[in-house]
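To start, the structure under review is shown below, and the notes come after it.
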Amino acid sequence: MFDDILVAIPAYNEQKNISEVLNEVCKKFKYVLVVDNNSEDQTIKKIENFPIFLIKHKYNLGKSGSMKTALQFAKIRKFKYLAFMDADGQHKTNDLIKICKKIYDENSELIIGYRKNLIDLNLKKRIGTIILQRLFSLVYKKKLFDIQSGLRIFDTSIESKINWHSTGINHYFADAEITCNAVKNNCKIDQIPIEALSSEKYKGMNIVQGLYLVLMILYWRVFR
Ligand SMILES: Nc1nc2c(ncn2[C@@H]2O[C@H](COP(=O)(O)OP(=O)(O)OP(=O)(O)O)[C@@H](O)[C@H]2O)c(=O)[nH]1
Ligand SMILES: [Mg+2]
């Protein structure tokens, strides 16, 4: 099972979390790729004994760049599906399994794991997520609960439909851009609830990035 799925984990300075994440994921998935984004800590050392694919960026290309690398690798190795999960321990392997099963069952093109425990997020993040969700529904005429969730899986054949450009300071926006492009191009999308750990130690977007994302959501709707 899951032999046609590549699980990609973009990682940047995750020495504290990456071993635990890989411990769980490698038990359930045969093909796991870590894209190290030129980490300055011991991330690489922590993963050297795991049976995974590893690509190391010589320069930091942002999360978006790591996702591009993963997609290129998945296409070259002919994986039908590409799943993403974060390296910081916020996503659970059980939820990864759920989105993978769902894409098999529903024959969807994109499955997004949405954080159902928004209540656990701090007030700033909760309000930000709700505003984004409302704006998205209004502009794209589709109800999705968590457009920028990092836990997702898609069929690699939709590559040209979801092609994302977020780089530089908005390198966090790739997930949201993929979602917007997929909706605009009528991809078959489903979503399922997931747990997502959140605490003060997690950085998240600041208010300026949040406002920037709002503008980008409008821009993608009009110009893509
Ligand atoms: N910050 C950052 N993260 C990267 C980069 N490249 C890959 N990542 C990984 O991208 C994932 C998500 O990054 P986070 O900074 O946790 O962003 P987030 O999960 O949206 O925000 P939080 O909820 O605050 O954790 C993590 O697994 C990072 O290791 C990068 O260049 N910068
Ligand atoms: Mg995180």
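Going through the structure tokens in order, the chains are called A, B, and so on, while each chain numbers its residues from 1 and the ligands are numbered from 1 in the order shown.
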Each residue of range 72-124 of chain A lying at most 12 Å from range 5-21 of chain A should get a row with its shortest atom-to-atom pair and the distance in Å to one decimal, counting only C-alpha atoms; could you produce that, ordered by chain and increasing number, as a tab-separated table?
```
residue	atom	partner	partner_atom	distance
A:Gln72	CA	A:Ala8	CA	11.3
A:Phe73	CA	A:Leu6	CA	9.2
A:Ala74	CA	A:Leu6	CA	6.7
A:Lys75	CA	A:Leu6	CA	10.1
A:Ile76	CA	A:Leu6	CA	11.6
A:Arg77	CA	A:Leu6	CA	9.3
A:Lys78	CA	A:Leu6	CA	9.6
A:Phe79	CA	A:Ile5	CA	5.9
A:Lys80	CA	A:Ile5	CA	6.4
A:Tyr81	CA	A:Ile5	CA	4.7
A:Leu82	CA	A:Leu6	CA	5.0
A:Ala83	CA	A:Val7	CA	4.7
A:Phe84	CA	A:Ala8	CA	4.9
A:Met85	CA	A:Ile9	CA	5.4
A:Asp86	CA	A:Ile9	CA	5.7
A:Ala87	CA	A:Ala11	CA	5.4
A:Asp88	CA	A:Asn17	CA	5.3
A:Gly89	CA	A:Val21	CA	5.9
A:Gln90	CA	A:Val21	CA	9.2
A:His91	CA	A:Val21	CA	8.6
A:Lys92	CA	A:Val21	CA	8.2
A:Thr93	CA	A:Val21	CA	7.9
A:Asn94	CA	A:Val21	CA	11.5
A:Leu96	CA	A:Val7	CA	9.0
A:Ile97	CA	A:Val7	CA	10.4
A:Ile99	CA	A:Ile5	CA	11.3
A:Cys100	CA	A:Ile5	CA	8.1
A:Lys101	CA	A:Ile5	CA	10.8
A:Ile103	CA	A:Ile5	CA	10.5
A:Tyr104	CA	A:Ile5	CA	10.5
```
DSSP strand (DSSP E) selection over range 13-223 of chain A, as a PyMOL selection string:
chain A and resi 32-36+53-56+81-84+110-115+152-155+189-194
Give the answer as one residue: which of A:Ile217, A:Ile162, A:Ile55, A:Met205 has the shortest atom-to-atom distance to ligand 1, using only C-alpha atoms and all ligand atoms?
A:Met205
For a test of reading the model, state the distance in Å between atom 8 (N, counted along the ligand's line) of ligand 1 and CA of Lys63 in chain A, rounded to one decimal.
4.5 Å
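Those residues that approach Gly65 in chain A to within 10 Å, counting only C-alpha atoms, are Pro10, Val35, Asn37, His57, Asn60, Leu61, Thr69, Ala70, Leu71, Trp164, His165, Ser166, Thr167, Gly168, His171, Tyr172 and Ala174 of chain A; same-chain residues fewer than 4 positions away are not listed.
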Which is closer to Lys116 in chain A than all the others in A:Ile192, A:Ile52, A:Ile147, A:Met1, using only C-alpha atoms?
A:Ile192
When distances are computed from only C-alpha atoms, which of A:Lys28, A:Ile111, A:Leu54, A:Tyr59 shows the smallest separation from Glu40 in chain A?
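The closest residue to Glu40 in chain A is A:Tyr59.
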Pick out each residue of range 26-179 of chain A that DSSP on the backbone tags as alpha helix (DSSP H); I need them as a ChimeraX atom specification.
/A:26-28,43-47,62-76,93-106,123-140,159-162,174-179
Residues within 8 Å of Phe29 in chain A, please, as a ChimeraX atom specification. Count only C-alpha atoms; anything in the same chain fewer than 2 positions from it doesn't count.
/A:2-3,7,25-27,31-32
Create the file for the chosen residues now, containing all heavy atoms and written as a JSON list (two decimals), in the first residue's frame.
```
[["chain", "number", "residue", "atom", "x", "y", "z"],
["A", 2, "PHE", "N", 0.37, 2.30, -0.58],
["A", 2, "PHE", "CA", 1.06, 3.60, -0.64],
["A", 2, "PHE", "C", 2.32, 3.57, -1.51],
["A", 2, "PHE", "O", 3.14, 4.48, -1.42],
["A", 2, "PHE", "CB", 1.42, 4.11, 0.76],
["A", 2, "PHE", "CG", 0.26, 4.30, 1.69],
["A", 2, "PHE", "CD1", 0.39, 4.02, 3.05],
["A", 2, "PHE", "CD2", -0.97, 4.77, 1.23],
["A", 2, "PHE", "CE1", -0.68, 4.21, 3.92],
["A", 2, "PHE", "CE2", -2.05, 4.95, 2.09],
["A", 2, "PHE", "CZ", -1.90, 4.67, 3.44],
["A", 3, "ASP", "N", 2.47, 2.55, -2.33],
["A", 3, "ASP", "CA", 3.70, 2.44, -3.12],
["A", 3, "ASP", "C", 3.79, 3.47, -4.24],
["A", 3, "ASP", "O", 4.85, 3.66, -4.82],
["A", 3, "ASP", "CB", 3.82, 1.03, -3.72],
["A", 3, "ASP", "CG", 4.33, 0.04, -2.67],
["A", 3, "ASP", "OD1", 4.54, 0.47, -1.51],
["A", 3, "ASP", "OD2", 4.49, -1.15, -3.01],
["A", 7, "VAL", "N", 6.10, 10.72, -0.02],
["A", 7, "VAL", "CA", 5.86, 11.68, 1.07],
["A", 7, "VAL", "C", 7.05, 12.63, 1.14],
["A", 7, "VAL", "O", 8.19, 12.19, 1.35],
["A", 7, "VAL", "CB", 5.72, 10.97, 2.44],
["A", 7, "VAL", "CG1", 5.54, 11.99, 3.56],
["A", 7, "VAL", "CG2", 4.55, 9.99, 2.41],
["A", 25, "VAL", "N", 6.84, 8.26, 10.28],
["A", 25, "VAL", "CA", 6.47, 8.20, 8.86],
["A", 25, "VAL", "C", 7.10, 6.99, 8.17],
["A", 25, "VAL", "O", 6.44, 6.31, 7.37],
["A", 25, "VAL", "CB", 6.88, 9.51, 8.13],
["A", 25, "VAL", "CG1", 6.61, 9.42, 6.65],
["A", 25, "VAL", "CG2", 6.13, 10.68, 8.72],
["A", 26, "CYS", "N", 8.35, 6.70, 8.51],
["A", 26, "CYS", "CA", 9.04, 5.60, 7.83],
["A", 26, "CYS", "C", 8.45, 4.23, 8.18],
["A", 26, "CYS", "O", 8.64, 3.26, 7.46],
["A", 26, "CYS", "CB", 10.54, 5.63, 8.12],
["A", 26, "CYS", "SG", 11.35, 7.04, 7.35],
["A", 27, "LYS", "N", 7.73, 4.17, 9.29],
["A", 27, "LYS", "CA", 7.07, 2.90, 9.65],
["A", 27, "LYS", "C", 5.93, 2.59, 8.67],
["A", 27, "LYS", "O", 5.57, 1.45, 8.46],
["A", 27, "LYS", "CB", 6.46, 3.00, 11.05],
["A", 27, "LYS", "CG", 7.44, 2.74, 12.16],
["A", 27, "LYS", "CD", 6.69, 2.78, 13.50],
["A", 27, "LYS", "CE", 7.65, 3.19, 14.61],
["A", 27, "LYS", "NZ", 6.99, 3.85, 15.72],
["A", 31, "TYR", "N", 8.26, 5.31, 0.60],
["A", 31, "TYR", "CA", 9.00, 6.35, -0.12],
["A", 31, "TYR", "C", 8.84, 7.71, 0.55],
["A", 31, "TYR", "O", 7.77, 8.32, 0.51],
["A", 31, "TYR", "CB", 8.53, 6.42, -1.57],
["A", 31, "TYR", "CG", 8.72, 5.11, -2.29],
["A", 31, "TYR", "CD1", 7.61, 4.33, -2.66],
["A", 31, "TYR", "CD2", 10.00, 4.62, -2.56],
["A", 31, "TYR", "CE1", 7.78, 3.12, -3.30],
["A", 31, "TYR", "CE2", 10.18, 3.41, -3.20],
["A", 31, "TYR", "CZ", 9.07, 2.66, -3.55],
["A", 31, "TYR", "OH", 9.24, 1.45, -4.18],
["A", 32, "VAL", "N", 9.91, 8.12, 1.18],
["A", 32, "VAL", "CA", 9.91, 9.40, 1.91],
["A", 32, "VAL", "C", 11.09, 10.23, 1.42],
["A", 32, "VAL", "O", 12.21, 9.72, 1.27],
["A", 32, "VAL", "CB", 10.04, 9.17, 3.44],
["A", 32, "VAL", "CG1", 10.06, 10.49, 4.19],
["A", 32, "VAL", "CG2", 8.90, 8.28, 3.95]]
```
Using only C-alpha atoms, which residues sit within 12 Å of Glu177 in chain A once same-chain residues fewer than 6 positions away are excluded, as a PyMOL selection string?
chain A and resi 64+136+147-150+161-167+170-171+183-184+213-221+224
Keeping only N, CA, C and O atoms, take the residues you just selected and write them out as a CSV table (one decimal), in the first residue's frame.
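Output saved as out-v3.csv:
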```csv
chain,number,residue,atom,x,y,z
A,64,SER,N,8.6,27.1,-0.4
A,64,SER,CA,8.0,26.9,-1.7
A,64,SER,C,9.0,26.3,-2.7
A,64,SER,O,8.7,25.4,-3.4
A,136,PHE,N,-11.6,33.6,0.9
A,136,PHE,CA,-11.5,32.6,-0.1
A,136,PHE,C,-12.8,32.1,-0.6
A,136,PHE,O,-13.0,32.1,-1.8
A,147,ILE,N,-6.9,26.8,3.5
A,147,ILE,CA,-6.3,26.8,2.2
A,147,ILE,C,-4.8,26.7,2.3
A,147,ILE,O,-4.2,26.2,1.4
A,148,GLN,N,-4.2,27.1,3.4
A,148,GLN,CA,-2.7,27.1,3.4
A,148,GLN,C,-2.2,25.9,4.3
A,148,GLN,O,-1.0,25.9,4.7
A,149,SER,N,-3.0,24.9,4.6
A,149,SER,CA,-2.5,23.8,5.3
A,149,SER,C,-1.3,23.1,4.6
A,149,SER,O,-1.4,22.9,3.4
A,150,GLY,N,-0.3,22.7,5.4
A,150,GLY,CA,0.8,22.1,4.8
A,150,GLY,C,0.7,20.6,4.7
A,150,GLY,O,1.5,19.9,4.0
A,161,LYS,N,-1.7,22.5,-13.7
A,161,LYS,CA,-2.8,23.3,-13.2
A,161,LYS,C,-2.5,24.0,-11.9
A,161,LYS,O,-3.1,25.0,-11.6
A,162,ILE,N,-1.6,23.5,-11.1
A,162,ILE,CA,-1.3,24.1,-9.8
A,162,ILE,C,0.0,24.9,-9.8
A,162,ILE,O,0.3,25.4,-8.7
A,163,ASN,N,0.7,24.9,-10.9
A,163,ASN,CA,2.0,25.5,-10.9
A,163,ASN,C,2.1,26.8,-10.1
A,163,ASN,O,1.4,27.8,-10.4
A,164,TRP,N,2.9,26.8,-9.1
A,164,TRP,CA,2.9,28.0,-8.2
A,164,TRP,C,4.2,28.8,-8.3
A,164,TRP,O,5.3,28.3,-8.8
A,165,HIS,N,4.1,30.1,-8.0
A,165,HIS,CA,5.2,31.0,-8.2
A,165,HIS,C,5.7,31.6,-7.0
A,165,HIS,O,6.7,32.5,-7.0
A,166,SER,N,5.1,31.4,-5.8
A,166,SER,CA,5.5,32.0,-4.6
A,166,SER,C,7.0,31.7,-4.2
A,166,SER,O,7.4,30.6,-4.1
A,167,THR,N,7.7,32.8,-4.1
A,167,THR,CA,9.1,32.6,-3.8
A,167,THR,C,9.5,33.8,-2.9
A,167,THR,O,8.6,34.6,-2.5
A,170,ASN,N,7.5,35.7,0.2
A,170,ASN,CA,6.2,34.9,0.3
A,170,ASN,C,6.3,33.4,0.0
A,170,ASN,O,5.4,32.8,-0.4
A,171,HIS,N,7.5,32.9,0.4
A,171,HIS,CA,7.7,31.5,0.1
A,171,HIS,C,6.8,30.6,0.9
A,171,HIS,O,6.8,29.4,0.7
A,183,VAL,N,-8.4,25.2,-7.5
A,183,VAL,CA,-9.9,25.6,-7.5
A,183,VAL,C,-10.2,26.2,-8.8
A,183,VAL,O,-11.1,25.9,-9.5
A,184,LYS,N,-9.3,27.2,-9.2
A,184,LYS,CA,-9.6,27.9,-10.4
A,184,LYS,C,-9.6,27.0,-11.7
A,184,LYS,O,-10.3,27.2,-12.6
A,213,LEU,N,-0.9,37.9,2.0
A,213,LEU,CA,-1.5,36.8,1.5
A,213,LEU,C,-2.9,37.1,1.0
A,213,LEU,O,-3.4,36.6,-0.1
A,214,VAL,N,-3.6,37.9,1.7
A,214,VAL,CA,-5.0,38.4,1.3
A,214,VAL,C,-4.9,39.0,-0.1
A,214,VAL,O,-5.6,38.6,-1.0
A,215,LEU,N,-3.9,39.9,-0.3
A,215,LEU,CA,-3.7,40.5,-1.6
A,215,LEU,C,-3.4,39.5,-2.7
A,215,LEU,O,-3.9,39.5,-3.8
A,216,MET,N,-2.5,38.5,-2.3
A,216,MET,CA,-2.1,37.5,-3.3
A,216,MET,C,-3.3,36.6,-3.7
A,216,MET,O,-3.5,36.2,-4.9
A,217,ILE,N,-4.2,36.3,-2.8
A,217,ILE,CA,-5.4,35.5,-3.1
A,217,ILE,C,-6.2,36.2,-4.1
A,217,ILE,O,-6.7,35.6,-5.1
A,218,LEU,N,-6.4,37.5,-4.0
A,218,LEU,CA,-7.1,38.3,-5.0
A,218,LEU,C,-6.4,38.3,-6.3
A,218,LEU,O,-6.9,38.1,-7.4
A,219,TYR,N,-5.0,38.5,-6.2
A,219,TYR,CA,-4.2,38.6,-7.4
A,219,TYR,C,-4.3,37.2,-8.2
A,219,TYR,O,-4.5,37.2,-9.4
A,220,TRP,N,-4.2,36.1,-7.5
A,220,TRP,CA,-4.2,34.8,-8.2
A,220,TRP,C,-5.5,34.6,-8.9
A,220,TRP,O,-5.6,34.0,-9.9
A,221,ARG,N,-6.6,35.1,-8.2
A,221,ARG,CA,-7.9,34.9,-8.8
A,221,ARG,C,-8.0,35.6,-10.2
A,221,ARG,O,-8.6,35.1,-11.1
A,224,ARG,N,-4.3,34.6,-12.7
A,224,ARG,CA,-3.8,33.3,-13.1
A,224,ARG,C,-4.8,32.5,-13.8
A,224,ARG,O,-6.0,32.7,-13.6
```
Pick from A:Leu151, A:Ile131, A:Ile47, A:Leu33: nearest to Ile194 in chain A, with only C-alpha atoms counted?
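Of A:Leu151, A:Ile131, A:Ile47, A:Leu33, the one nearest Ile194 in chain A is A:Leu151, counting only C-alpha atoms.
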Please identify all polymer residues within 7 Å of Gln191 in chain A, counting only C-alpha atoms, omitting same-chain residues fewer than 4 positions from it, and present them as a list in words.
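Once the nearby chain positions are removed, what remains is Ile111, Ile112, Gly113 and Tyr114 of chain A.
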Hey, can you spit out that residue selection with N, CA and C atoms as a CSV table (one decimal), in the first residue's frame?
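selection10.csv, freshly written:
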```
chain,number,residue,atom,x,y,z
A,111,ILE,N,-6.2,16.5,-1.9
A,111,ILE,CA,-6.8,16.4,-0.6
A,111,ILE,C,-6.1,17.3,0.4
A,112,ILE,N,-6.8,18.2,1.0
A,112,ILE,CA,-6.2,19.1,2.0
A,112,ILE,C,-6.6,18.6,3.4
A,113,GLY,N,-5.7,18.5,4.3
A,113,GLY,CA,-6.0,18.3,5.7
A,113,GLY,C,-6.2,19.6,6.4
A,114,TYR,N,-7.4,19.8,6.9
A,114,TYR,CA,-7.7,21.1,7.5
A,114,TYR,C,-7.7,21.0,9.0
```
